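Novice: Handing over target-v8.txt, compact mmCIF, C-alpha atoms and all ligand atoms.
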# COMPACT_ATOMS: atom_id res chain seq x y z
CA MET A 220 -21.95 73.80 -46.32
CA ASN A 221 -22.47 75.39 -42.90
CA GLU A 222 -21.09 73.74 -39.78
CA PRO A 223 -24.30 72.04 -38.49
CA ALA A 224 -25.06 70.71 -42.00
CA ARG A 225 -21.51 69.39 -42.33
CA ARG A 226 -21.79 67.75 -38.91
CA ALA A 227 -25.12 66.11 -39.83
CA ALA A 228 -23.72 64.88 -43.16
CA GLU A 229 -20.67 63.41 -41.47
CA MET A 230 -22.81 61.67 -38.86
CA SER A 231 -25.23 60.32 -41.50
CA ALA A 232 -22.34 58.94 -43.54
CA ALA A 233 -20.79 57.27 -40.49
CA PHE A 234 -24.20 55.90 -39.48
CA SER A 235 -24.74 54.39 -42.94
CA ALA A 236 -21.25 52.91 -42.95
CA ARG A 237 -21.91 51.16 -39.64
CA TYR A 238 -25.61 50.28 -39.81
CA GLY A 239 -26.26 50.22 -43.59
CA ASP A 240 -29.14 52.70 -43.46
CA THR A 241 -29.84 56.36 -42.77
CA PRO A 242 -30.80 57.64 -39.29
CA GLN A 243 -34.49 58.46 -38.78
CA LEU A 244 -34.44 60.29 -35.47
CA TRP A 245 -32.13 62.97 -34.07
CA THR A 246 -31.79 64.37 -30.57
CA ARG A 247 -29.36 66.80 -29.02
CA ALA A 248 -28.44 68.16 -25.58
CA PRO A 249 -26.06 70.98 -24.61
CA GLY A 250 -23.21 71.26 -22.11
CA ARG A 251 -23.43 73.91 -19.41
CA VAL A 252 -21.38 76.52 -17.62
CA ASP A 253 -22.21 77.59 -14.07
CA LEU A 254 -21.89 81.34 -13.56
CA MET A 255 -22.32 81.37 -9.77
CA GLY A 256 -23.07 78.74 -7.13
CA SER A 257 -20.12 76.35 -7.02
CA HIS A 258 -21.01 73.27 -4.93
CA THR A 259 -24.26 74.78 -3.71
CA ASP A 260 -26.50 72.25 -5.50
CA TYR A 261 -25.95 69.33 -3.12
CA ASN A 262 -26.56 71.76 -0.26
CA HIS A 263 -30.05 72.47 -1.63
CA GLY A 264 -28.94 75.97 -2.63
CA PHE A 265 -29.14 78.26 -5.64
CA ILE A 266 -27.10 78.20 -8.86
CA LEU A 267 -26.90 80.56 -11.80
CA SER A 268 -26.23 78.30 -14.75
CA MET A 269 -26.37 78.50 -18.53
CA THR A 270 -26.44 76.08 -21.44
CA ILE A 271 -23.69 76.56 -24.01
CA ASP A 272 -23.82 76.31 -27.78
CA ARG A 273 -21.80 73.09 -27.77
CA ASP A 274 -23.82 69.93 -27.69
CA THR A 275 -24.09 66.19 -28.11
CA TRP A 276 -26.06 64.82 -31.04
CA VAL A 277 -27.60 61.36 -31.24
CA ALA A 278 -28.74 59.99 -34.62
CA ALA A 279 -30.72 56.74 -34.50
CA ARG A 280 -32.94 54.24 -36.20
CA PRO A 281 -35.39 52.08 -34.19
CA ARG A 282 -34.79 48.32 -34.12
CA GLN A 283 -37.36 45.55 -33.97
CA ASP A 284 -35.66 43.85 -31.03
CA ARG A 285 -34.56 45.03 -27.55
CA THR A 286 -30.92 45.62 -28.42
CA VAL A 287 -29.35 49.06 -28.07
CA SER A 288 -26.25 49.70 -30.13
CA VAL A 289 -24.40 53.00 -29.77
CA LEU A 290 -21.31 53.99 -31.72
CA SER A 291 -19.31 57.01 -30.57
CA LEU A 292 -17.93 58.89 -33.55
CA ASP A 293 -15.54 60.80 -31.28
CA LEU A 294 -14.04 57.72 -29.65
CA GLY A 295 -14.46 55.20 -32.48
CA ALA A 296 -15.88 52.88 -29.80
CA GLU A 297 -19.17 51.02 -29.58
CA THR A 298 -21.41 49.63 -26.84
CA ASN A 299 -24.12 47.02 -27.30
CA PHE A 300 -26.59 45.77 -24.71
CA SER A 301 -30.04 44.29 -24.27
CA LEU A 302 -32.79 46.28 -22.55
CA ASP A 303 -33.59 43.06 -20.66
CA ALA A 304 -30.16 42.88 -18.98
CA ILE A 305 -28.68 46.34 -18.44
CA ALA A 306 -25.37 46.13 -16.61
CA PRO A 307 -22.47 48.59 -16.35
CA ASP A 308 -19.70 48.24 -18.92
CA PRO A 309 -16.51 47.78 -16.89
CA GLU A 310 -14.27 48.62 -19.86
CA GLN A 311 -15.91 51.73 -21.31
CA HIS A 312 -16.78 54.51 -18.89
CA TRP A 313 -18.65 56.62 -21.48
CA ALA A 314 -20.99 53.71 -22.24
CA ASN A 315 -22.32 53.76 -18.70
CA TYR A 316 -24.02 57.11 -19.25
CA VAL A 317 -26.00 55.46 -22.06
CA ARG A 318 -26.66 52.25 -20.13
CA GLY A 319 -27.43 54.20 -16.95
CA MET A 320 -30.15 56.20 -18.73
CA ALA A 321 -31.66 52.99 -20.09
CA SER A 322 -31.60 51.48 -16.62
CA VAL A 323 -33.28 54.37 -14.78
CA LEU A 324 -35.89 54.88 -17.52
CA CYS A 325 -36.75 51.15 -17.40
CA ASP A 326 -36.99 51.22 -13.61
CA ALA A 327 -39.27 54.26 -13.83
CA GLY A 328 -41.60 52.21 -16.07
CA TYR A 329 -41.04 53.89 -19.43
CA PRO A 330 -41.60 51.54 -22.41
CA LEU A 331 -38.14 51.44 -23.97
CA ARG A 332 -37.39 50.00 -27.42
CA GLY A 333 -34.09 49.08 -29.03
CA PHE A 334 -32.23 51.27 -31.50
CA ASP A 335 -29.01 51.67 -33.44
CA ALA A 336 -27.37 55.02 -32.78
CA LEU A 337 -24.38 57.17 -33.49
CA ILE A 338 -23.28 59.93 -31.12
CA HIS A 339 -21.08 62.95 -31.68
CA THR A 340 -20.24 65.80 -29.32
CA THR A 341 -18.79 69.28 -29.52
CA VAL A 342 -18.77 69.61 -25.70
CA PRO A 343 -15.16 69.42 -24.49
CA VAL A 344 -14.78 66.23 -22.47
CA SER A 345 -13.38 66.20 -18.89
CA ALA A 346 -13.25 70.00 -18.83
CA GLY A 347 -16.06 70.71 -16.36
CA LEU A 348 -18.65 71.57 -19.02
CA SER A 349 -20.90 68.56 -18.35
CA SER A 350 -20.29 66.47 -21.43
CA SER A 351 -21.63 63.52 -19.41
CA ALA A 352 -24.93 65.26 -18.64
CA ALA A 353 -25.24 66.26 -22.31
CA LEU A 354 -24.81 62.61 -23.29
CA GLU A 355 -27.33 61.44 -20.68
CA MET A 356 -29.96 64.01 -21.68
CA ALA A 357 -29.53 63.47 -25.44
CA VAL A 358 -29.75 59.68 -25.00
CA GLY A 359 -32.78 60.09 -22.69
CA ARG A 360 -34.55 62.11 -25.36
CA MET A 361 -33.69 59.40 -27.91
CA PHE A 362 -35.24 56.66 -25.74
CA GLU A 363 -38.32 58.91 -25.56
CA ALA A 364 -38.45 59.44 -29.34
CA VAL A 365 -37.96 55.74 -30.16
CA GLY A 366 -40.29 54.54 -27.38
CA GLY A 367 -43.07 56.94 -28.39
CA PHE A 368 -43.65 58.32 -24.88
CA THR A 369 -43.14 61.80 -23.46
CA ILE A 370 -41.03 62.77 -20.49
CA ASP A 371 -40.95 66.10 -18.74
CA ALA A 372 -37.59 67.92 -18.82
CA VAL A 373 -37.27 68.11 -15.03
CA GLU A 374 -38.11 64.41 -14.69
CA LEU A 375 -35.48 63.63 -17.32
CA ALA A 376 -32.91 65.64 -15.36
CA VAL A 377 -33.76 63.87 -12.09
CA LEU A 378 -33.48 60.48 -13.79
CA GLY A 379 -30.14 61.52 -15.30
CA GLN A 380 -28.84 62.45 -11.86
CA ARG A 381 -30.06 59.08 -10.57
CA ALA A 382 -28.23 57.29 -13.39
CA GLU A 383 -25.05 59.15 -12.53
CA ASN A 384 -25.41 58.59 -8.76
CA HIS A 385 -26.45 54.96 -8.78
CA PHE A 386 -25.30 53.47 -12.09
CA VAL A 387 -22.16 55.39 -13.01
CA GLY A 388 -21.26 55.95 -9.35
CA VAL A 389 -20.67 59.73 -9.32
CA ALA A 390 -22.26 61.57 -6.37
CA CYS A 391 -23.15 64.73 -8.36
CA GLY A 392 -26.01 67.13 -7.63
CA ILE A 393 -28.80 68.16 -10.02
CA LEU A 394 -27.04 71.14 -11.66
CA ASP A 395 -25.60 69.55 -14.79
CA GLN A 396 -28.57 67.48 -15.89
CA TYR A 397 -31.09 70.20 -15.00
CA THR A 398 -29.30 72.82 -17.06
CA SER A 399 -28.84 70.51 -20.04
CA ALA A 400 -32.50 69.41 -19.97
CA VAL A 401 -34.26 72.67 -19.07
CA GLY A 402 -31.90 75.44 -20.23
CA LYS A 403 -32.90 77.80 -23.02
CA ALA A 404 -31.46 80.05 -25.66
CA GLY A 405 -31.32 83.72 -24.72
CA CYS A 406 -30.88 83.50 -20.95
CA ALA A 407 -29.22 81.81 -18.01
CA LEU A 408 -31.23 79.93 -15.35
CA LEU A 409 -31.56 80.78 -11.69
CA LEU A 410 -31.94 77.27 -10.32
CA ASP A 411 -33.26 76.35 -6.90
CA ALA A 412 -31.74 72.92 -6.25
CA ARG A 413 -34.15 72.24 -3.38
CA THR A 414 -37.39 72.62 -5.31
CA ILE A 415 -35.73 71.68 -8.64
CA THR A 416 -37.31 74.69 -10.31
CA SER A 417 -35.80 77.69 -12.05
CA SER A 418 -36.55 81.11 -13.40
CA ASP A 419 -35.05 82.75 -16.47
CA ALA A 420 -32.10 85.02 -15.81
CA PRO A 421 -31.38 87.22 -18.83
CA ILE A 422 -27.90 88.65 -19.32
CA ALA A 423 -27.66 92.27 -20.44
CA ASP A 424 -26.84 92.83 -24.10
CA GLY A 425 -23.19 93.39 -24.73
CA ILE A 426 -21.92 90.92 -22.12
CA THR A 427 -20.57 87.61 -23.45
CA VAL A 428 -19.57 84.59 -21.40
CA VAL A 429 -16.16 83.31 -22.46
CA ILE A 430 -15.02 79.93 -21.17
CA CYS A 431 -11.30 79.61 -20.61
CA ASP A 432 -10.07 76.05 -20.15
CA THR A 433 -6.93 75.83 -18.03
CA CYS A 434 -6.29 72.49 -19.79
CA THR A 435 -5.11 70.90 -16.57
CA LYS A 436 -6.01 67.37 -15.58
CA ARG A 437 -8.84 67.41 -13.03
CA GLU A 438 -7.37 64.62 -10.96
CA LEU A 439 -8.83 65.71 -7.61
CA ALA A 440 -12.25 66.58 -8.94
CA GLY A 441 -13.61 63.12 -8.05
CA SER A 442 -12.12 62.34 -4.64
CA GLU A 443 -12.07 65.89 -3.24
CA TYR A 444 -15.65 66.45 -4.44
CA GLY A 445 -16.72 63.63 -2.12
CA VAL A 446 -14.71 65.10 0.76
CA ARG A 447 -16.33 68.55 0.31
CA ARG A 448 -19.75 66.99 0.17
CA ALA A 449 -19.15 65.02 3.37
CA GLN A 450 -17.87 68.14 5.16
CA CYS A 451 -21.01 70.05 4.18
CA GLU A 452 -23.15 67.17 5.41
CA GLN A 453 -21.23 67.15 8.68
CA GLY A 454 -21.88 70.88 9.07
CA ALA A 455 -25.57 70.52 8.22
CA ALA A 456 -25.93 67.63 10.70
CA TYR A 457 -24.42 69.80 13.44
CA PHE A 458 -27.02 72.53 12.86
CA ALA A 459 -29.82 69.98 12.39
CA ARG A 460 -29.18 68.71 15.94
CA ARG A 461 -29.77 72.24 17.26
CA TYR A 462 -32.44 73.53 14.89
CA PRO A 463 -35.16 71.07 13.85
CA ASP A 464 -35.97 72.94 10.63
CA VAL A 465 -32.44 72.36 9.23
CA THR A 466 -31.82 69.50 6.82
CA HIS A 467 -29.18 71.12 4.55
CA LEU A 468 -26.83 74.10 4.70
CA ARG A 469 -29.48 76.01 2.73
CA ASP A 470 -31.45 76.21 5.98
CA VAL A 471 -28.61 77.70 8.05
CA SER A 472 -28.81 81.50 8.36
CA PHE A 473 -25.68 83.63 8.81
CA GLU A 474 -26.83 84.42 12.36
CA ARG A 475 -27.05 80.75 13.33
CA PHE A 476 -23.78 80.02 11.60
CA GLU A 477 -21.91 82.79 13.41
CA ALA A 478 -23.34 81.62 16.74
CA HIS A 479 -21.81 78.16 16.31
CA ALA A 480 -18.95 78.54 13.81
CA ALA A 481 -16.26 78.27 16.50
CA GLU A 482 -17.66 74.93 17.69
CA LEU A 483 -17.16 73.30 14.29
CA PRO A 484 -13.90 71.74 13.11
CA ASP A 485 -12.00 74.48 11.26
CA ALA A 486 -12.26 72.91 7.79
CA VAL A 487 -15.98 72.21 8.21
CA ALA A 488 -16.61 75.79 9.37
CA ARG A 489 -14.77 77.19 6.34
CA ARG A 490 -16.68 74.94 3.91
CA CYS A 491 -19.99 75.97 5.50
CA ARG A 492 -19.12 79.67 5.45
CA TYR A 493 -18.28 79.45 1.77
CA ILE A 494 -21.57 77.70 0.91
CA LEU A 495 -23.63 80.27 2.83
CA GLU A 496 -21.82 83.18 1.15
CA GLU A 497 -21.81 81.60 -2.31
CA ASN A 498 -25.51 80.87 -2.05
CA ALA A 499 -26.24 84.52 -1.23
CA ARG A 500 -24.15 85.61 -4.24
CA VAL A 501 -26.31 83.69 -6.72
CA PRO A 502 -29.45 85.88 -6.80
CA ALA A 503 -27.18 88.95 -6.49
CA LEU A 504 -25.21 88.00 -9.60
CA ALA A 505 -28.40 87.14 -11.50
CA ALA A 506 -29.70 90.66 -10.79
CA ALA A 507 -26.36 92.29 -11.64
CA LEU A 508 -26.08 90.44 -14.96
CA THR A 509 -29.61 91.37 -15.96
CA ALA A 510 -28.97 95.02 -15.05
CA GLY A 511 -25.53 95.01 -16.70
CA ASP A 512 -23.99 96.29 -13.46
CA HIS A 513 -20.29 95.72 -14.20
CA ILE A 514 -19.06 96.75 -10.77
CA ALA A 515 -21.36 94.36 -8.92
CA ILE A 516 -20.55 91.54 -11.38
CA HIS A 517 -16.86 92.10 -10.74
CA GLN A 518 -17.19 92.22 -6.96
CA LEU A 519 -19.40 89.13 -6.70
CA THR A 520 -17.23 86.97 -8.95
CA ALA A 521 -14.04 88.13 -7.20
CA ALA A 522 -15.54 87.17 -3.82
CA SER A 523 -16.63 83.82 -5.24
CA PHE A 524 -13.12 82.99 -6.46
CA ALA A 525 -11.55 84.12 -3.18
CA GLY A 526 -13.94 81.87 -1.27
CA ALA A 527 -13.26 78.95 -3.60
CA ARG A 528 -9.54 79.43 -2.98
CA ASP A 529 -9.42 80.23 0.75
CA LEU A 530 -12.53 78.61 2.23
CA TYR A 531 -13.62 75.78 -0.06
CA GLU A 532 -10.10 75.06 -1.36
CA ILE A 533 -11.02 73.88 -4.83
CA THR A 534 -8.53 75.98 -6.81
CA ILE A 535 -5.12 74.98 -8.15
CA PRO A 536 -2.22 77.27 -9.17
CA GLU A 537 -3.15 77.19 -12.88
CA MET A 538 -6.60 78.52 -11.97
CA GLU A 539 -4.97 81.47 -10.21
CA ILE A 540 -2.82 82.15 -13.26
CA MET A 541 -5.88 81.93 -15.48
CA LEU A 542 -7.89 84.24 -13.24
CA LYS A 543 -5.19 86.91 -13.28
CA THR A 544 -4.83 86.52 -17.03
CA MET A 545 -8.54 86.82 -17.73
CA LEU A 546 -8.88 89.87 -15.47
CA ALA A 547 -5.97 91.61 -17.20
CA ALA A 548 -7.31 90.93 -20.70
CA PRO A 549 -9.01 93.61 -22.84
CA GLY A 550 -12.76 93.86 -22.31
CA CYS A 551 -12.88 91.66 -19.20
CA ILE A 552 -15.61 92.67 -16.75
CA ALA A 553 -15.15 89.81 -14.30
CA ALA A 554 -14.02 86.20 -14.01
CA ARG A 555 -14.30 83.19 -11.73
CA GLN A 556 -14.04 79.41 -11.46
CA ALA A 557 -16.57 77.07 -13.05
CA GLY A 558 -17.62 73.46 -12.57
CA ALA A 559 -16.32 71.48 -9.61
CA GLY A 560 -12.91 73.26 -9.62
CA PHE A 561 -9.49 71.56 -9.33
CA GLY A 562 -8.59 72.76 -12.83
CA GLY A 563 -10.73 72.52 -15.93
CA CYS A 564 -12.71 75.47 -17.25
CA MET A 565 -13.22 78.94 -15.83
CA ALA A 566 -15.59 81.67 -17.00
CA ALA A 567 -15.12 85.33 -17.86
CA PHE A 568 -17.71 88.01 -18.59
CA VAL A 569 -16.41 90.00 -21.53
CA ILE A 570 -17.63 93.07 -23.40
CA LYS A 571 -18.94 91.71 -26.71
CA GLU A 572 -16.88 94.01 -28.96
CA LYS A 573 -13.67 92.98 -27.20
CA ILE A 574 -13.91 89.20 -27.58
CA GLU A 575 -11.16 88.91 -30.19
CA PRO A 576 -8.47 90.85 -28.28
CA PHE A 577 -9.59 89.10 -25.08
CA VAL A 578 -9.08 85.66 -26.64
CA ASP A 579 -5.68 86.62 -28.12
CA PHE A 580 -4.45 88.06 -24.85
CA VAL A 581 -5.54 85.08 -22.73
CA ALA A 582 -4.11 82.56 -25.22
CA ASN A 583 -0.68 84.23 -25.24
CA THR A 584 -0.42 85.28 -21.62
CA TYR A 585 -1.70 82.04 -20.04
CA THR A 586 0.59 79.96 -22.25
CA SER A 587 3.66 81.90 -21.16
CA GLY A 588 2.56 81.96 -17.49
CA ALA A 589 1.40 78.36 -17.04
CA GLY A 590 3.36 76.64 -19.79
CA ILE A 591 0.10 75.14 -21.09
CA GLU A 592 -1.93 76.21 -24.09
CA PRO A 593 -5.48 77.06 -23.00
CA ARG A 594 -8.65 76.49 -24.98
CA ILE A 595 -10.99 79.46 -25.16
CA TYR A 596 -14.65 79.36 -26.15
CA PRO A 597 -16.91 82.41 -26.35
CA VAL A 598 -20.35 80.84 -25.78
CA LYS A 599 -24.01 81.66 -25.92
CA SER A 600 -26.93 79.79 -24.40
CA SER A 601 -28.74 77.20 -26.53
CA PRO A 602 -32.00 75.23 -26.13
CA GLY A 603 -32.20 72.35 -23.65
CA ALA A 604 -32.29 68.69 -24.66
CA SER A 605 -34.71 68.08 -27.53
CA ARG A 606 -35.51 66.19 -30.67
CA PHE A 607 -34.56 68.08 -33.81
CA THR A 608 -34.41 67.90 -37.58
CA PRO A 609 -30.82 68.11 -38.80
CA PRO A 610 -30.06 70.91 -41.25
CA ALA A 611 -29.95 69.77 -44.88
CA ALA A 612 -26.64 69.90 -46.74
C1 LIG A 701 -20.15 69.06 -10.72
C2 LIG A 701 -21.39 68.31 -10.24
C3 LIG A 701 -22.55 69.30 -9.98
C4 LIG A 701 -22.09 70.42 -9.05
C5 LIG A 701 -20.79 71.02 -9.53
C6 LIG A 701 -20.21 72.01 -8.56
O1 LIG A 701 -20.39 69.65 -11.95
O2 LIG A 701 -21.78 67.37 -11.20
O3 LIG A 701 -23.66 68.61 -9.46
O4 LIG A 701 -22.01 69.95 -7.73
O5 LIG A 701 -19.79 70.03 -9.76
O6 LIG A 701 -21.05 73.11 -8.44
Represent the structure contained in this file as structure tokens.

Specialist:
Amino acid sequence: MNEPARRAAEMSAAFSARYGDTPQLWTRAPGRVDLMGSHTDYNHGFILSMTIDRDTWVAARPRQDRTVSVLSLDLGAETNFSLDAIAPDPEQHWANYVRGMASVLCDAGYPLRGFDALIHTTVPVSAGLSSSAALEMAVGRMFEAVGGFTIDAVELAVLGQRAENHFVGVACGILDQYTSAVGKAGCALLLDARTITSSDAPIADGITVVICDTCTKRELAGSEYGVRRAQCEQGAAYFARRYPDVTHLRDVSFERFEAHAAELPDAVARRCRYILEENARVPALAAALTAGDHIAIHQLTAASFAGARDLYEITIPEMEIMLKTMLAAPGCIAARQAGAGFGGCMAAFVIKEKIEPFVDFVANTYTSGAGIEPRIYPVKSSPGASRFTPPAA
């Protein structure tokens, strides 16, 4: 039995054991890796992002009442709630992504119906690969399938971000949900976080994205994320007072920035400089990846990591060890941070034929350098959140 068929069979069996019937509807949504544009989304900037071939599956059967029951096969935990009284679950964090989607879809007027469901994910959790967005988007598509309505992928992403901001209480931008909902197989996305639109960004044949998880706890990712966001807002507000067309750092040109940089608090000036430079690197990397221009890919990603370390200050020592390791490995074209930083996953661009020696080298060298065993995933892009028919055994 192939892997997807085995996964579907295991989920069906667990569903039957819990609910006494077979699932009728299946949805899935992928995790994502950002290739350029760290922290640019909440500054209304650009991001080069890609779905990965690791996803969350939801198997469900509609109910006649307004109860939603979701069992997590990964956690062995369950959440149950009524669509008429959707409140956060104080005990189970994961459940709030499910409840949050129900809440925002209800508020937006979609006709939700109850269901019994089982979820299973192959997206590494708490690693910076957006397992939460994958859960939100897969559950959103399940509410759509059970409720018999249709929802546009961008709208689903925006609602997912709203669920995360207002229900779960995480002040994230649109990147994760947008990529999981809209992403496609065969290319990355060049996302404009202001207009919430994207264009396809193909990657030249022969270049593979390999995710290297530093396997460090991302303890600062929450609190420091909020600090960075506030510093960017402070910078944008400074320019907005002088230039009426400015609402976000996206609107600040290098010329305007240089004219006022010295008037800003040092940390704010460095955060702003990084965002302006990172934003400019996004279309440049998209073009370099499509053209297969190894030198430009290397230069742009190296500048991005340096900025993340020196200006935005979102790196930790294990990320430096991982960067050096990835860059020294066979077949490595370039490497940089991914996600919010402060540990978690990083991304390398690797020559396809060299993936095996690359993985071996990084596994051995990072372990001896950092004293932690990394997890390494060569990935390819996969379709965005959708209903699907599970493969037969
Ligand atoms: C997290 C957030 C995103 C984005 C990235 C950093 O993944 O959820 O919205 O801000 O960090 O680029």

Novice: Can you measure atom CA of A:Lys403 to atom CA of A:Ser600 for me? One decimal in Å is fine.

Specialist: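 Those two atoms sit 6.4 Å apart.
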
Novice: Can you pull out the residues contacting stretch 437-443 of chain A? Cut-off 7 Å, using all atoms listed in the file, and skip same-chain residues under 6 positions away; I want them as a ChimeraX atom specification.

Specialist: /A:559-563

Novice: Those same residues - C-alpha atoms - I'd like them written as a compact mmCIF listing (two decimals), in the coordinates of the input.

Specialist:
# COMPACT_ATOMS: atom_id res chain seq x y z
CA ALA A 559 -16.32 71.48 -9.61
CA GLY A 560 -12.91 73.26 -9.62
CA PHE A 561 -9.49 71.56 -9.33
CA GLY A 562 -8.59 72.76 -12.83
CA GLY A 563 -10.73 72.52 -15.93

Novice: As a VMD selection string, please: every protein or nucleic acid residue near ligand LIG 701 (chain A) (cut-off 8 Å, counting only C-alpha atoms and all ligand atoms).

Specialist: chain A and resid 253 256 to 261 266 347 to 349 389 to 395 444 557 to 560

Novice: Give the answer as one residue: which of A:Met545, A:Leu302, A:Leu267, A:Arg461 has the shortest atom-to-atom distance to A:Thr509, using only C-alpha atoms?

Specialist: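 Looking only at the distances to A:Thr509, the closest residue turns out to be A:Leu267.
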
Novice: At what distance in Å, to one decimal, does atom CA of A:Phe386 lie from atom CA of A:Arg318?

Specialist: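 Interatomic distance, atom CA of A:Arg318 to atom CA of A:Phe386: 8.2 Å.
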
Novice: Identify, on the basis of all atoms listed in the file, every residue whose closest approach to A:Val342 does not exceed 6 Å; exclude the query and any residue fewer than 6 positions from it along the same chain; express the result as number ranges by chain.

Specialist: A: 250, 273-274, 350

Novice: Determine the nearest neighbour of A:Ala279 from the options A:Ala567, A:Phe265, A:Arg606, A:Leu504, counting all atoms listed in the file.

Specialist: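 Ranked by minimum distance to A:Ala279, first place goes to A:Arg606.
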
Novice: Generate the missing atoms of stretch 560-571 of chain A up to N, CA and C atoms and report them as a PDB file, in the frame of the given file.

Specialist:
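For reference, result25.pdb as written:
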ATOM      1  N   GLY A 560     -14.212  72.706 -10.001  1.00  0.00           N
ATOM      2  CA  GLY A 560     -12.910  73.260  -9.620  1.00  0.00           C
ATOM      3  C   GLY A 560     -11.799  72.242  -9.857  1.00  0.00           C
ATOM      4  N   PHE A 561     -10.667  72.436  -9.169  1.00  0.00           N
ATOM      5  CA  PHE A 561      -9.490  71.560  -9.330  1.00  0.00           C
ATOM      6  C   PHE A 561      -8.996  71.535 -10.778  1.00  0.00           C
ATOM      7  N   GLY A 562      -9.034  72.681 -11.432  1.00  0.00           N
ATOM      8  CA  GLY A 562      -8.590  72.760 -12.830  1.00  0.00           C
ATOM      9  C   GLY A 562      -9.790  72.887 -13.744  1.00  0.00           C
ATOM     10  N   GLY A 563      -9.631  72.456 -14.974  1.00  0.00           N
ATOM     11  CA  GLY A 563     -10.730  72.520 -15.930  1.00  0.00           C
ATOM     12  C   GLY A 563     -11.041  73.947 -16.352  1.00  0.00           C
ATOM     13  N   CYS A 564     -12.310  74.197 -16.660  1.00  0.00           N
ATOM     14  CA  CYS A 564     -12.710  75.470 -17.250  1.00  0.00           C
ATOM     15  C   CYS A 564     -13.007  76.536 -16.211  1.00  0.00           C
ATOM     16  N   MET A 565     -12.822  77.778 -16.611  1.00  0.00           N
ATOM     17  CA  MET A 565     -13.220  78.940 -15.830  1.00  0.00           C
ATOM     18  C   MET A 565     -14.060  79.831 -16.748  1.00  0.00           C
ATOM     19  N   ALA A 566     -14.699  80.849 -16.170  1.00  0.00           N
ATOM     20  CA  ALA A 566     -15.590  81.670 -17.000  1.00  0.00           C
ATOM     21  C   ALA A 566     -15.289  83.149 -16.813  1.00  0.00           C
ATOM     22  N   ALA A 567     -15.293  83.877 -17.919  1.00  0.00           N
ATOM     23  CA  ALA A 567     -15.120  85.330 -17.860  1.00  0.00           C
ATOM     24  C   ALA A 567     -16.345  86.002 -18.485  1.00  0.00           C
ATOM     25  N   PHE A 568     -16.678  87.178 -17.982  1.00  0.00           N
ATOM     26  CA  PHE A 568     -17.710  88.010 -18.590  1.00  0.00           C
ATOM     27  C   PHE A 568     -16.977  89.105 -19.361  1.00  0.00           C
ATOM     28  N   VAL A 569     -17.221  89.142 -20.664  1.00  0.00           N
ATOM     29  CA  VAL A 569     -16.410  90.000 -21.530  1.00  0.00           C
ATOM     30  C   VAL A 569     -17.322  90.902 -22.359  1.00  0.00           C
ATOM     31  N   ILE A 570     -16.875  92.133 -22.543  1.00  0.00           N
ATOM     32  CA  ILE A 570     -17.630  93.070 -23.400  1.00  0.00           C
ATOM     33  C   ILE A 570     -17.584  92.529 -24.832  1.00  0.00           C
ATOM     34  N   LYS A 571     -18.783  92.404 -25.423  1.00  0.00           N
ATOM     35  CA  LYS A 571     -18.940  91.710 -26.710  1.00  0.00           C
ATOM     36  C   LYS A 571     -17.934  92.179 -27.777  1.00  0.00           C
TER      37      LYS A 571
END
